[in-house]
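Input: a single structure, listed below in structure tokens.
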Amino acid sequence: MKRKVQHLFSALTLAGFIFIAFGSGDDEVKPKTSTESFSSPSSTEEKAKDIPNQIAQLKREIASIEEGVNFSTYRNTVEATQMELVLFAAWAKTINEALSSENAEVKTLGKELEKKVKNMQIKEFPVLRKAYAKAIYHKLWEQNIETQVLGNKNKTIQFTGGYFANNGNKAQTQQTLQEALKMFRFSKVNYKWYKYDDEYTYYEIDSPNDSELMSF
């Protein structure tokens, strides 16, 4: 039984760890060379030609948010909830590229999109955390493990099941889930081995605020 649950937890968070692994290479800071410090005429021309496309994209993203984004497709499975994180990360990439532009219109549109995305994340992350906990529950109920979210912003996730009577199982589960829970901006996780366990174990998670742009 213990081995089955351990394998199940690993499967649940595999996609989350893949996201982090893919992002690590892009975030690596490399020393600038002379060719990176000074743009060649051809690269400058390419950037200038790309500005109209960048402006058009920013306007499309702003318009789509103003029209209303349908998040219902990101609700029913763990993988679906993770794809919403990918959407937020895509917006963040677009915003960061715009804010680093030397073109005034691009930068202004980038700031406008940033404000809209941050406001959307503040509203959406509590809903997303609840959906994520529910999706995990559907995978764990056969193992007699229950999940629920607590707090007015659903910042705490709680796991309850006999599997967590063992302290080693709690520690191993936390190690497995830590990064995935952080991506969903949970700030705390509780482990109870039965419903009325008053001496339960909890871990605090140093997660970004819901308004902070997404990055992997």
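In the structure tokens, the first chain shown is A, the next is B, and so on; residue numbers restart at 1 for each chain, and ligands run from 1 in the order shown.
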
Skip segment 94-100 of chain A itself and residues of its chain fewer than 3 positions away, then list as an NGL selection string all residues within 8 Å of it, counting only C-alpha atoms. :A and (54 or 58 or 90-91 or 106-111 or 113-114)

Close residues, Ser72 of chain A itself excluded, 10 Å, only C-alpha atoms, min 4 positions apart in chain, as a ChimeraX atom specification: /A:76,80-81

File of the preceding selection, N, CA and C atoms, as a CSV table (one decimal), in the first residue's frame:
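So the final result, stored in again-v4.csv, reads:
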```csv
chain,number,residue,atom,x,y,z
A,76,ASN,N,-10.6,20.2,-14.5
A,76,ASN,CA,-11.0,18.9,-14.1
A,76,ASN,C,-9.9,17.9,-13.9
A,80,ALA,N,-4.7,19.6,-16.6
A,80,ALA,CA,-5.4,20.8,-17.0
A,80,ALA,C,-5.1,22.0,-16.2
A,81,THR,N,-5.0,21.8,-14.9
A,81,THR,CA,-4.7,22.9,-14.0
A,81,THR,C,-3.2,23.4,-14.2
```

Atom CA of Val78 of chain A and atom CA of Gln174 of chain A are how many Å apart? 17.3 Å

I want to know what sits within 7 Å of Trp193 of chain A, based on only C-alpha atoms, with residues of the same chain fewer than 4 positions away left out; could you give that as a list of chain:residue names? A:Thr160, A:Gly161, A:Gly162, A:Tyr163, A:Phe164, A:Ala165, A:Asp197

Give me, as a ChimeraX atom specification, the residues of segment 122-184 of chain A that a backbone DSSP run labels strand (DSSP E or B). /A:146-150,156-160

Find the residues near segment 182-191 of chain A: any atom within 10 Å, counting only C-alpha atoms, skip ones fewer than 3 places away on the same chain, and give them as a VMD selection string. chain A and resid 16 to 17 19 to 20 81 to 82 85 125 to 126 128 to 130 132 147 to 150 153 to 161 163 to 165 167 169 to 171 173 to 174 177 to 179 194 197 199 to 210 212 214 to 216

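Between atom CA of Val117 of chain A and atom CA of Val69 of chain A the separation is 11.0 Å.
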
Pick the closest to Val86 of chain A from A:Lys116, A:Tyr74, A:Ala135, A:Ile65: which is it, counting only C-alpha atoms? A:Tyr74

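Between atom CA of Ile136 of chain A and atom CA of Gln175 of chain A there is a distance of 16.6 Å.
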